[in-house]
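S.K.: My structure is below; once you've seen it, I'll send some questions.
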Amino acid sequence: MAGQRSRREWGWHPLTDEFARRVVADARVRPGELVLDLGAGTGALTRPLVDAGARVLAVELHSGRARRLRERFADDDVRVLEIDLADLRLPRRPFRVVASPPYGITTALVRALTVRGSALRRADLVVQRQAARRLAERYARTPRWSVTAWRPLPRRAFRPPPRVDSCLLTVRRG
Ligand SMILES: C[S@@+](CC[C@H](N)C(=O)[O-])C[C@H]1O[C@@H](n2cnc3c(N)ncnc32)[C@H](O)[C@@H]1O
């Protein structure tokens with residue numbers, strides 16, 4: 001049951017505000033863009049996305065974090081969905097993703113975002129560096145998408161610091 005999952009299973013390594021701002025700046029979000037924050041936690045990335053003028057769809061399964069998101073962004077253009085990412089129906093209109101999702105679902109998430117017919121314009125994901133390299137190699141053979149593992153993120157970008165190395169993975173249309 002979701003409520004009985006351990007801290008490790010919940011993948012709770014929030015970004016610090018400083019690094020969350022850097023990730024959003026690197027993503028070059030424009031005002032009015034629809035941006036999905038997948039595994040939004042308590043809003044480390046949501047905050048700078050709102051500040052950049054994005055319309056945000058924040059998805060978070062943990063009920064306490066989802067409640068905190070609703071309270072924190074009650075006056076902003078933020079819709080909070082308290083659901084499992086596995087059950088998310090992607091928007092039909094063009095959308096972007098800027099997210100630090102649970103590392104365990106990175107591959108499935110990228111696959112879901114890049115299915116044929118997806119309206120994804122660009123995804124900027126904080127992921128484990130090894131997974132990023134694997135995905136970049138795999139997608140090198142797919143002309144429809146360009147997948148780049150780039151900016152490394154130090155472990156101090158997260159609180160608590162994870163045991164693995166992380167980087168930004170950017171998915172764009174090829
Ligand atoms: C690595 S944390 C990142 C939190 C936030 N984005 C940040 O950067 O501080 C991942 C988040 O995903 C949430 N999460 C884990 N599994 C999920 C799932 N299956 N569906 C939706 N959210 C999930 C966790 O509760 C956690 O808040």
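Starting from 1 in every chain, residues are counted up; chains themselves are A, B, ... following the order of the structure tokens, and ligands are numbered from 1 as listed.
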Within 8 Å of ligand 1, counting only C-alpha atoms and all ligand atoms, which protein or nucleic acid residues do you find, written as a PyMOL selection string?
M.R.: chain A and resi 9-16+20+37-46+59-62+65+82-86+99-103+105+158
S.K.: Write a file of the selected residues as an mmCIF file, in the first residue's frame, keeping N, CA and C atoms.
M.R.:
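Output file part_21.cif is given in full below:
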```cif
data_model
loop_
_atom_site.group_PDB
_atom_site.id
_atom_site.type_symbol
_atom_site.label_atom_id
_atom_site.label_comp_id
_atom_site.auth_asym_id
_atom_site.auth_seq_id
_atom_site.Cartn_x
_atom_site.Cartn_y
_atom_site.Cartn_z
ATOM 1 N N GLU A 9 11.864 3.707 -0.871
ATOM 2 C CA GLU A 9 10.954 3.417 -1.990
ATOM 3 C C GLU A 9 10.320 4.693 -2.543
ATOM 4 N N TRP A 10 10.123 5.685 -1.655
ATOM 5 C CA TRP A 10 9.511 6.926 -2.094
ATOM 6 C C TRP A 10 10.497 7.812 -2.837
ATOM 7 N N GLY A 11 11.781 7.450 -2.844
ATOM 8 C CA GLY A 11 12.774 8.220 -3.580
ATOM 9 C C GLY A 11 12.829 9.672 -3.124
ATOM 10 N N TRP A 12 12.962 9.891 -1.837
ATOM 11 C CA TRP A 12 12.834 11.239 -1.296
ATOM 12 C C TRP A 12 14.200 11.909 -1.187
ATOM 13 N N HIS A 13 14.644 12.509 -2.291
ATOM 14 C CA HIS A 13 15.889 13.279 -2.303
ATOM 15 C C HIS A 13 15.591 14.622 -2.949
ATOM 16 N N PRO A 14 14.961 15.533 -2.201
ATOM 17 C CA PRO A 14 14.591 16.814 -2.809
ATOM 18 C C PRO A 14 15.813 17.604 -3.255
ATOM 19 N N LEU A 15 15.655 18.336 -4.332
ATOM 20 C CA LEU A 15 16.710 19.255 -4.775
ATOM 21 C C LEU A 15 16.756 20.446 -3.825
ATOM 22 N N THR A 16 17.939 21.000 -3.638
ATOM 23 C CA THR A 16 18.011 22.258 -2.893
ATOM 24 C C THR A 16 17.414 23.352 -3.777
ATOM 25 N N ALA A 20 17.572 23.596 -7.849
ATOM 26 C CA ALA A 20 16.282 23.552 -8.560
ATOM 27 C C ALA A 20 16.178 24.760 -9.492
ATOM 28 N N ASP A 37 5.640 18.658 -13.875
ATOM 29 C CA ASP A 37 6.634 18.390 -12.838
ATOM 30 C C ASP A 37 6.253 17.027 -12.257
ATOM 31 N N LEU A 38 6.991 15.994 -12.665
ATOM 32 C CA LEU A 38 6.578 14.615 -12.377
ATOM 33 C C LEU A 38 7.324 14.067 -11.155
ATOM 34 N N GLY A 39 6.604 13.796 -10.100
ATOM 35 C CA GLY A 39 7.227 13.486 -8.812
ATOM 36 C C GLY A 39 7.655 14.803 -8.198
ATOM 37 N N ALA A 40 6.661 15.664 -7.970
ATOM 38 C CA ALA A 40 6.950 17.077 -7.638
ATOM 39 C C ALA A 40 7.397 17.277 -6.196
ATOM 40 N N GLY A 41 7.242 16.259 -5.354
ATOM 41 C CA GLY A 41 7.649 16.421 -3.957
ATOM 42 C C GLY A 41 6.864 17.552 -3.306
ATOM 43 N N THR A 42 7.585 18.466 -2.670
ATOM 44 C CA THR A 42 6.886 19.608 -2.061
ATOM 45 C C THR A 42 7.116 20.877 -2.877
ATOM 46 N N GLY A 43 7.656 20.715 -4.109
ATOM 47 C CA GLY A 43 7.647 21.850 -5.022
ATOM 48 C C GLY A 43 8.980 22.542 -5.268
ATOM 49 N N ALA A 44 10.092 21.822 -5.042
ATOM 50 C CA ALA A 44 11.415 22.451 -5.269
ATOM 51 C C ALA A 44 11.519 23.001 -6.693
ATOM 52 N N LEU A 45 11.055 22.212 -7.677
ATOM 53 C CA LEU A 45 11.094 22.677 -9.073
ATOM 54 C C LEU A 45 9.848 23.484 -9.432
ATOM 55 N N THR A 46 8.739 23.162 -8.788
ATOM 56 C CA THR A 46 7.490 23.871 -9.097
ATOM 57 C C THR A 46 7.659 25.376 -8.878
ATOM 58 N N VAL A 59 2.610 16.359 -10.465
ATOM 59 C CA VAL A 59 2.112 15.016 -10.165
ATOM 60 C C VAL A 59 2.890 14.452 -8.982
ATOM 61 N N GLU A 60 2.149 14.022 -7.970
ATOM 62 C CA GLU A 60 2.805 13.518 -6.752
ATOM 63 C C GLU A 60 1.882 12.497 -6.093
ATOM 64 N N LEU A 61 2.435 11.316 -5.839
ATOM 65 C CA LEU A 61 1.623 10.236 -5.271
ATOM 66 C C LEU A 61 1.524 10.313 -3.748
ATOM 67 N N HIS A 62 2.542 10.824 -3.098
ATOM 68 C CA HIS A 62 2.570 10.876 -1.628
ATOM 69 C C HIS A 62 1.544 11.910 -1.158
ATOM 70 N N ARG A 65 2.756 15.151 0.651
ATOM 71 C CA ARG A 65 3.456 16.089 -0.254
ATOM 72 C C ARG A 65 2.464 16.749 -1.210
ATOM 73 N N GLU A 82 -2.793 14.032 -7.561
ATOM 74 C CA GLU A 82 -2.286 13.048 -6.592
ATOM 75 C C GLU A 82 -2.527 11.660 -7.147
ATOM 76 N N ILE A 83 -1.636 11.241 -8.034
ATOM 77 C CA ILE A 83 -1.792 9.928 -8.670
ATOM 78 C C ILE A 83 -0.419 9.287 -8.868
ATOM 79 N N ASP A 84 -0.441 7.993 -9.187
ATOM 80 C CA ASP A 84 0.783 7.275 -9.545
ATOM 81 C C ASP A 84 1.169 7.700 -10.968
ATOM 82 N N LEU A 85 2.449 7.987 -11.167
ATOM 83 C CA LEU A 85 2.908 8.386 -12.500
ATOM 84 C C LEU A 85 2.558 7.331 -13.548
ATOM 85 N N ALA A 86 2.494 6.086 -13.114
ATOM 86 C CA ALA A 86 2.163 5.006 -14.060
ATOM 87 C C ALA A 86 0.761 5.192 -14.627
ATOM 88 N N ALA A 99 11.554 17.884 -14.427
ATOM 89 C CA ALA A 99 11.229 17.042 -13.277
ATOM 90 C C ALA A 99 12.457 16.347 -12.712
ATOM 91 N N SER A 100 12.341 16.004 -11.453
ATOM 92 C CA SER A 100 13.316 15.159 -10.780
ATOM 93 C C SER A 100 12.538 13.947 -10.267
ATOM 94 N N PRO A 101 12.260 12.994 -11.162
ATOM 95 C CA PRO A 101 11.382 11.865 -10.799
ATOM 96 C C PRO A 101 12.152 10.808 -10.000
ATOM 97 N N PRO A 102 11.437 9.831 -9.415
ATOM 98 C CA PRO A 102 12.137 8.744 -8.737
ATOM 99 C C PRO A 102 13.033 8.012 -9.733
ATOM 100 N N TYR A 103 14.280 7.760 -9.348
ATOM 101 C CA TYR A 103 15.237 7.175 -10.293
ATOM 102 C C TYR A 103 14.799 5.815 -10.827
ATOM 103 N N ILE A 105 12.151 4.794 -11.984
ATOM 104 C CA ILE A 105 11.207 4.734 -13.110
ATOM 105 C C ILE A 105 11.701 5.515 -14.327
ATOM 106 N N PHE A 158 21.284 17.759 -3.621
ATOM 107 C CA PHE A 158 20.117 17.105 -3.022
ATOM 108 C C PHE A 158 20.269 17.060 -1.509
#
```
S.K.: Could you give me, as a ChimeraX atom specification, the residues within 8 Å of stretch 106-120 of chain A, counting only C-alpha atoms and dropping anything in the same chain fewer than 3 positions from it?
M.R.: /A:90-97,101-103,123,127,131,135,145
S.K.: Quick one: pick out all strand (DSSP E) residues within chain A from a backbone DSSP run and write them as a ChimeraX atom specification.
M.R.: /A:34-38,55-59,78-81,95-99,120-128,145-153,166-173
